[in-house]
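Structure data (compact mmCIF, C-alpha atoms) from start-v4.txt:
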```
# COMPACT_ATOMS: atom_id res chain seq x y z
CA MET A 1309 29.34 -108.04 137.97
CA TRP A 1310 27.62 -105.59 140.32
CA HIS A 1311 24.44 -106.52 142.14
CA ILE A 1312 22.15 -103.73 143.30
CA TYR A 1313 19.43 -104.58 145.78
CA GLU A 1314 16.50 -102.63 147.17
CA ASP A 1315 16.29 -102.63 150.97
CA LEU A 1316 12.84 -104.01 151.74
CA GLY A 1317 13.31 -104.17 155.49
CA HIS A 1318 13.29 -107.22 157.73
CA ASP A 1319 9.64 -108.23 158.13
CA PRO A 1320 7.59 -109.72 155.27
CA LEU A 1321 3.81 -109.71 155.12
CA ALA A 1322 3.81 -112.97 157.04
CA VAL A 1323 4.99 -110.98 160.07
CA GLN A 1324 3.52 -107.54 159.43
CA ARG A 1325 -0.20 -108.26 158.92
CA GLN A 1326 -1.69 -104.76 159.07
CA PRO A 1327 -4.71 -104.32 156.76
CA TRP A 1328 -3.03 -101.56 154.74
CA ARG A 1329 -0.07 -103.84 154.01
CA LEU A 1330 -2.40 -106.64 152.95
CA ALA A 1331 -4.29 -104.24 150.68
CA ALA A 1332 -1.06 -103.05 149.05
CA ALA A 1333 -0.02 -106.65 148.42
CA VAL A 1334 -3.34 -107.49 146.73
CA ASP A 1335 -3.08 -104.36 144.58
CA LEU A 1336 0.34 -105.49 143.36
CA ILE A 1337 -0.98 -108.98 142.55
CA VAL A 1338 -3.82 -107.38 140.58
CA GLU A 1339 -1.37 -105.23 138.64
CA LEU A 1340 0.90 -108.20 137.88
CA HIS A 1341 -1.94 -110.37 136.61
CA THR A 1342 -3.85 -107.79 134.59
CA ARG A 1343 -0.85 -106.15 132.92
CA ALA A 1344 0.71 -109.46 131.91
CA ALA A 1345 -2.45 -111.21 130.68
CA VAL A 1346 -2.11 -112.44 127.09
CA HIS A 1347 1.24 -110.64 126.82
CA PRO A 1348 3.31 -111.53 123.72
CA LEU A 1349 6.15 -112.74 125.97
CA LEU A 1350 3.99 -115.31 127.81
CA PRO A 1351 4.91 -118.17 125.45
CA GLU A 1352 8.58 -117.51 126.19
CA VAL A 1353 7.86 -117.39 129.94
CA ARG A 1354 6.10 -120.73 129.65
CA TRP A 1355 8.96 -122.21 127.64
CA ARG A 1356 11.82 -120.94 129.80
CA ALA A 1357 10.08 -121.17 133.19
CA ARG A 1358 6.97 -123.15 134.17
CA ASP A 1359 3.46 -123.88 132.97
CA HIS A 1360 1.08 -123.69 135.92
CA GLY A 1361 -2.07 -124.35 133.93
CA VAL A 1362 -4.14 -127.42 133.07
CA HIS A 1363 -1.08 -129.51 132.20
CA PHE A 1364 0.46 -128.87 135.62
CA PHE A 1365 -2.67 -130.26 137.27
CA THR A 1366 -3.20 -133.36 135.14
CA SER A 1367 0.42 -134.38 134.62
CA ASN A 1368 1.33 -134.09 138.30
CA LEU A 1369 -1.69 -136.17 139.28
CA ARG A 1370 -0.68 -138.93 136.86
CA ASP A 1371 2.98 -138.80 137.89
CA ALA A 1372 2.12 -138.86 141.60
CA ILE A 1373 -0.20 -141.83 141.16
CA ALA A 1374 2.44 -143.75 139.18
CA ALA A 1375 5.12 -143.04 141.79
CA LEU A 1376 2.88 -144.12 144.67
CA GLU A 1377 1.86 -147.29 142.84
CA ALA A 1378 5.56 -148.12 142.47
CA LEU A 1379 5.90 -147.80 146.26
CA ALA A 1380 3.61 -150.75 146.94
CA SER A 1381 6.84 -152.47 148.02
CA PRO A 1382 9.03 -149.73 149.53
CA PRO A 1383 12.79 -150.00 148.96
CA ARG A 1384 13.52 -149.63 152.68
CA ASP A 1385 11.92 -150.23 156.06
CA VAL A 1386 8.98 -147.91 156.72
CA PRO A 1387 6.77 -147.33 159.77
CA PRO A 1388 3.72 -149.61 159.98
CA GLU A 1389 1.39 -146.67 159.34
CA PHE A 1390 3.13 -145.69 156.10
CA LEU A 1391 1.42 -148.24 153.85
CA ALA A 1392 -2.04 -147.19 155.06
CA SER A 1393 -1.12 -143.53 154.55
CA ARG A 1394 0.15 -144.29 151.05
CA ALA A 1395 -3.10 -146.12 150.21
CA ARG A 1396 -5.24 -143.19 151.39
CA LEU A 1397 -3.14 -140.70 149.44
CA LEU A 1398 -3.33 -142.84 146.33
CA HIS A 1399 -7.12 -143.10 146.69
CA ARG A 1400 -7.49 -139.31 146.98
CA LEU A 1401 -5.27 -138.63 143.98
CA ARG A 1402 -7.18 -141.16 141.87
CA GLY A 1403 -10.40 -139.42 142.85
CA LEU A 1404 -8.99 -136.08 141.73
CA LEU A 1405 -7.92 -137.61 138.41
CA GLU A 1406 -11.42 -139.01 137.88
CA ASP A 1407 -12.80 -135.52 138.53
CA ALA A 1408 -10.18 -133.87 136.30
CA PRO A 1409 -12.42 -133.45 133.21
CA ARG A 1410 -14.90 -131.36 135.21
CA ARG A 1411 -12.16 -129.28 136.80
CA VAL A 1412 -10.38 -128.74 133.48
CA ARG A 1413 -13.64 -127.64 131.88
CA VAL A 1414 -14.18 -125.02 134.59
CA MET A 1415 -10.57 -123.82 134.24
CA GLU A 1416 -11.05 -123.38 130.50
CA GLU A 1417 -14.50 -121.79 130.73
CA VAL A 1418 -14.10 -119.32 133.61
CA GLY A 1419 -10.41 -119.44 134.56
CA GLY A 1420 -9.64 -116.29 132.59
CA PRO A 1421 -6.67 -115.60 130.34
CA ASP A 1422 -3.23 -116.95 131.09
CA THR A 1423 -0.92 -114.44 132.71
CA LEU A 1424 2.46 -114.09 134.39
CA LEU A 1425 2.52 -115.90 137.75
CA HIS A 1426 4.90 -115.45 140.65
CA GLY A 1427 4.40 -119.14 141.40
CA ASP A 1428 5.19 -119.07 145.13
CA LEU A 1429 3.00 -116.31 146.48
CA TRP A 1430 3.28 -116.97 150.21
CA PRO A 1431 3.00 -113.89 152.46
CA LYS A 1432 6.63 -114.54 153.45
CA ASN A 1433 7.60 -113.56 149.90
CA VAL A 1434 5.79 -110.20 150.04
CA PHE A 1435 7.28 -107.03 151.52
CA VAL A 1436 5.41 -103.75 151.90
CA ARG A 1437 7.19 -100.46 152.55
CA THR A 1438 5.88 -96.98 153.13
CA ALA A 1439 6.80 -94.33 150.56
CA ALA A 1440 5.86 -90.75 149.81
CA ALA A 1441 3.22 -91.91 147.32
CA GLY A 1442 1.83 -94.51 149.73
CA PRO A 1443 2.52 -98.18 150.52
CA ARG A 1444 4.63 -100.08 147.98
CA ALA A 1445 4.57 -103.86 147.79
CA ARG A 1446 7.41 -105.95 146.38
CA LEU A 1447 7.75 -109.68 145.68
CA ILE A 1448 10.85 -111.80 146.25
CA ASP A 1449 11.84 -115.40 145.44
CA TRP A 1450 10.73 -115.72 141.82
CA ASP A 1451 12.14 -119.25 141.48
CA ASN A 1452 8.75 -120.71 140.47
CA VAL A 1453 7.76 -117.98 138.02
CA GLY A 1454 5.61 -119.20 135.15
CA ALA A 1455 2.48 -118.73 133.09
CA GLY A 1456 -1.05 -119.87 133.80
CA PRO A 1457 -4.41 -118.79 135.26
CA PHE A 1458 -4.67 -116.19 138.02
CA SER A 1459 -6.17 -118.81 140.34
CA TYR A 1460 -2.79 -120.52 140.74
CA ASP A 1461 -1.22 -117.45 142.38
CA LEU A 1462 -4.29 -116.26 144.22
CA SER A 1463 -5.01 -119.67 145.74
CA ILE A 1464 -1.52 -119.83 147.25
CA PHE A 1465 -2.03 -116.42 148.81
CA LEU A 1466 -5.55 -117.15 150.10
CA TYR A 1467 -4.69 -120.53 151.62
CA ARG A 1468 -1.79 -118.94 153.54
CA CYS A 1469 -3.98 -116.19 154.97
CA SER A 1470 -6.52 -116.56 157.75
CA ALA A 1471 -10.15 -117.41 157.07
CA GLU A 1472 -11.10 -113.94 158.35
CA GLU A 1473 -8.79 -112.23 155.85
CA ARG A 1474 -9.82 -114.18 152.77
CA PRO A 1475 -13.16 -112.47 151.94
CA LEU A 1476 -11.52 -109.04 152.10
CA ILE A 1477 -8.60 -110.20 149.96
CA LEU A 1478 -10.89 -111.65 147.33
CA GLN A 1479 -13.14 -108.58 147.31
CA ARG A 1480 -10.20 -106.23 146.76
CA TYR A 1481 -8.78 -108.51 144.05
CA ARG A 1482 -12.20 -108.75 142.36
CA GLU A 1483 -12.66 -104.97 142.36
CA GLY A 1484 -9.13 -104.45 141.08
CA VAL A 1485 -9.38 -106.80 138.11
CA GLU A 1486 -12.85 -105.53 137.23
CA ARG A 1487 -11.36 -102.06 136.75
CA ALA A 1488 -9.09 -103.68 134.17
CA GLY A 1489 -12.03 -105.29 132.38
CA TRP A 1490 -11.95 -108.76 133.93
CA ARG A 1491 -14.92 -110.42 135.55
CA LEU A 1492 -14.31 -113.17 138.10
CA PRO A 1493 -16.73 -116.09 138.42
CA GLY A 1494 -18.79 -116.72 141.55
CA ASN A 1495 -17.43 -118.16 144.75
CA GLY A 1496 -18.51 -121.71 143.92
CA GLU A 1497 -16.43 -121.81 140.75
CA LEU A 1498 -13.60 -119.92 142.43
CA ASN A 1499 -13.51 -122.51 145.20
CA LEU A 1500 -13.14 -125.24 142.60
CA LEU A 1501 -10.34 -123.32 140.82
CA PHE A 1502 -8.48 -122.66 144.08
CA HIS A 1503 -8.92 -126.22 145.37
CA THR A 1504 -7.68 -127.57 142.03
CA ALA A 1505 -4.56 -125.40 142.11
CA GLU A 1506 -3.72 -126.42 145.69
CA SER A 1507 -4.31 -130.10 144.86
CA ALA A 1508 -1.98 -129.78 141.88
CA ARG A 1509 0.76 -128.34 144.09
CA CYS A 1510 0.28 -131.17 146.58
CA ALA A 1511 0.54 -133.76 143.79
CA HIS A 1512 3.72 -132.05 142.56
CA CYS A 1513 5.25 -132.38 146.03
CA VAL A 1514 4.15 -136.02 146.24
CA VAL A 1515 6.00 -136.80 143.01
CA TRP A 1516 9.36 -135.58 144.33
CA ALA A 1517 9.03 -137.17 147.76
CA ALA A 1518 7.94 -140.50 146.28
CA MET A 1519 10.73 -140.49 143.69
CA ALA A 1520 13.33 -139.70 146.35
CA LEU A 1521 12.13 -142.63 148.44
CA LEU A 1522 11.79 -144.94 145.45
CA ASN A 1523 15.11 -144.18 143.76
CA ASP A 1524 17.36 -143.18 146.66
CA GLY A 1525 15.66 -144.72 149.69
CA ALA A 1526 15.49 -141.20 151.17
CA GLU A 1527 14.14 -141.42 154.70
CA TRP A 1528 12.71 -137.89 154.55
CA GLY A 1529 10.38 -139.03 151.77
CA ILE A 1530 8.51 -141.27 154.20
CA GLY A 1531 7.53 -138.47 156.55
CA GLN A 1532 6.80 -136.11 153.67
CA LEU A 1533 4.37 -138.50 152.02
CA MET A 1534 2.55 -139.12 155.29
CA GLU A 1535 2.32 -135.36 155.79
CA PHE A 1536 0.89 -134.89 152.27
CA ASP A 1537 -1.74 -137.51 153.10
CA ARG A 1538 -2.83 -135.41 156.09
CA TRP A 1539 -2.55 -132.19 154.09
CA LEU A 1540 -4.81 -133.41 151.28
CA GLU A 1541 -7.28 -134.89 153.74
CA ALA A 1542 -7.59 -131.54 155.52
CA LEU A 1543 -7.81 -129.47 152.31
CA ARG A 1544 -11.07 -127.55 152.11
CA PRO A 1545 -12.37 -124.76 149.85
CA PRO A 1546 -10.87 -121.45 151.02
CA LEU A 1547 -13.99 -119.30 150.69
CA PRO A 1548 -16.93 -119.35 153.14
CA ASP A 1549 -20.48 -120.38 152.36
CA ALA A 1550 -19.62 -121.89 149.02
CA MET A 1551 -18.65 -125.52 148.92
CA LEU A 1552 -17.20 -127.21 145.86
CA PRO A 1553 -19.87 -127.33 143.14
```
If you took the structure in this file and wrote it as structure tokens, what would it be?
Amino acid sequence: MWHIYEDLGHDPLAVQRQPWRLAAAVDLIVELHTRAAVHPLLPEVRWRARDHGVHFFTSNLRDAIAALEALASPPRDVPPEFLASRARLLHRLRGLLEDAPRRVRVMEEVGGPDTLLHGDLWPKNVFVRTAAAGPRARLIDWDNVGAGPFSYDLSIFLYRCSAEERPLILQRYREGVERAGWRLPGNGELNLLFHTAESARCAHCVVWAAMALLNDGAEWGIGQLMEFDRWLEALRPPLPDAMLP
């Protein structure tokens, strides 16, 4: 079997942060989301890959809570601060689950149509090259590809960009999807969508770290869970001047 690869260079968007590269990356994300929305193949994508929609949020919250509850008596020695960290994390996840009906309602009302999602849209997975027709962006590492609302992909990208870059990214994305006939909600609802997606990813990570510690006594799970406690505590809406509604 022959493999043919395109040479994308050495430096991803995480290293090369010029505005024109960032703009090209956003344009590609717009094209991906708008062209794939409500595509006939989306059910197959969801079946063969991942569902990053409402179910991803609610099921990971419930699974993370159950796993942390099972760690009330850890299977191995843990640092003294671990139990307090576990309790705080459990409290935050329970709060998110209590708020889930409101968040799900917003996802269903203004989250837009399901579309094809890259699923791991960090700037390190974006390369931008110059070409005769202008900058060309490409995405790598499609391991987490799936179907779901645009906010899942866009929140990953926004949270991994600086606060100064986020308004420009969102504005370019908004203008791009509007040309395709979409209309994004206001920043308050967007903040809730983005915060929900990031919380779901955190809960997903909690599940695997907790299960590794619970079932295998994995030492790395201890540090990971304490880190997720700090991560969720520090999580804030990504957009300025619009707190969670």
Using only C-alpha atoms: which of A:Phe1390, A:Pro1320, A:Asp1335, A:Glu1314 has the shortest distance to A:Gln1479:
A:Asp1335
Name the residues in contact with stretch 1436-1442 of chain A at a cut-off of 8 Å, using all atoms listed in the file, excluding same-chain residues fewer than 2 positions from it; report them as a count of residues only.
11
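Among the candidates A:Met1415, A:Cys1513, A:Leu1533, A:Met1519, the residue lying nearest to A:Leu1498 is A:Met1415 (atoms considered: only C-alpha atoms).
The spacing separating atom CA of A:Gly1403 from atom CA of A:Leu1522 amounts to 23.0 Å.
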Using all atoms listed in the file, which protein or nucleic acid residues come within 10 Å of A:Pro1548? Drop anything in the same chain fewer than 3 positions from it, and give the result as a short mmCIF file (atom, residue, chain, number, x, y, z; two decimals) with C-alpha atoms, in the frame of the given file.
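So around_6.cif came out as:
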```cif
data_model
loop_
_atom_site.label_atom_id
_atom_site.label_comp_id
_atom_site.auth_asym_id
_atom_site.auth_seq_id
_atom_site.Cartn_x
_atom_site.Cartn_y
_atom_site.Cartn_z
CA ALA A 1471 -10.15 -117.41 157.07
CA GLU A 1472 -11.10 -113.94 158.35
CA ARG A 1474 -9.82 -114.18 152.77
CA PRO A 1475 -13.16 -112.47 151.94
CA ASN A 1495 -17.43 -118.16 144.75
CA GLY A 1496 -18.51 -121.71 143.92
CA ASN A 1499 -13.51 -122.51 145.20
CA PRO A 1545 -12.37 -124.76 149.85
CA MET A 1551 -18.65 -125.52 148.92
#
```
With 10 Å as the cut-off and all atoms listed in the file counted, what is the closest atom pair between each nearby residue of stretch 1411-1458 of chain A and stretch 1348-1364 of chain A? Distances in Å to one decimal, ordered by chain and number, as a Markdown table.
```
| residue | atom | partner | partner_atom | distance |
| --- | --- | --- | --- | --- |
| A:Arg1411 | CA | A:Val1362 | CA | 9.0 |
| A:Val1412 | CA | A:Val1362 | CA | 6.4 |
| A:Arg1413 | CA | A:Val1362 | CA | 9.6 |
| A:Met1415 | CA | A:Val1362 | CA | 7.5 |
| A:Glu1416 | CA | A:Val1362 | CA | 8.4 |
| A:Gly1419 | CA | A:Gly1361 | CA | 9.7 |
| A:Asp1422 | CA | A:Gly1361 | CA | 8.0 |
| A:Thr1423 | CA | A:Leu1350 | CA | 7.0 |
| A:Leu1424 | CA | A:Leu1350 | CA | 6.9 |
| A:Leu1425 | CA | A:His1360 | CA | 8.1 |
| A:Gly1427 | CA | A:His1360 | CA | 7.9 |
| A:Asp1451 | CA | A:Ala1357 | CA | 8.8 |
| A:Asn1452 | CA | A:Arg1358 | CA | 7.0 |
| A:Val1453 | CA | A:Ala1357 | CA | 6.2 |
| A:Gly1454 | CA | A:Arg1358 | CA | 4.3 |
| A:Ala1455 | CA | A:Asp1359 | CA | 5.2 |
| A:Gly1456 | CA | A:Gly1361 | CA | 4.6 |
| A:Pro1457 | CA | A:Gly1361 | CA | 6.2 |
| A:Phe1458 | CA | A:Gly1361 | CA | 9.5 |
```
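Atom CA of A:His1341 lies 24.5 Å from atom CA of A:Asp1319.
Within a radius of 10 Å around (-5.3, -112.9, 144.0), the polymer residues are Ala1333, Val1334, Asp1335, Leu1336, Ile1337, Val1338, Leu1340, His1341, Leu1429, Phe1458, Ser1459, Tyr1460, Asp1461, Leu1462, Ser1463, Ile1464, Phe1465, Leu1466, Arg1474, Ile1477, Leu1478, Gln1479, Arg1480, Tyr1481, Arg1482, Gly1484 and Val1485 of chain A, counting only C-alpha atoms.
Our summary of the geometry notes that atom CA of A:Thr1504 is positioned 10.1 Å from atom CA of A:Thr1366.
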Residue neighbourhood A:Ile1448, 9 Å, all atoms listed in the file, exclusion window fewer than 5 positions, as an MDAnalysis selection string:
chainID A and resid 1426 1432:1435
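Polymer residues near (6.6, -138.6, 150.1): counting only C-alpha atoms with a cut-off of 9 Å, they are Leu1376, Arg1394, Cys1513, Val1514, Val1515, Trp1516, Ala1517, Ala1518, Met1519, Ala1520, Leu1521, Trp1528, Gly1529, Ile1530, Gly1531, Gln1532, Leu1533, Met1534, Glu1535, Phe1536 and Asp1537 of chain A.
You can rank A:Leu1500, A:Cys1469, A:Leu1369, A:Ala1511 by their closest distance to A:Arg1325 using only C-alpha atoms, and at the top of that list sits A:Cys1469.
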Which of these, A:Ala1542, A:Leu1447, A:Leu1501, A:Leu1476, has the shortest distance to A:Trp1328 once you count all atoms listed in the file?
A:Leu1476
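Checking A:Glu1473, A:Glu1417, A:Glu1339, A:Asp1407 one by one against A:Pro1493, counting all atoms listed in the file, you find the shortest gap at A:Glu1417.
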How big is the axis-aligned box around all listed atoms of stretch 1510-1525 of chain A once 3 Å goes on each side, and where's its centre, in Å to one decimal, as AutoDock Vina command-line options?
```
--center_x 8.8 --center_y -138.1 --center_z 146.1 --size_x 23.1 --size_y 19.8 --size_z 13.1
```
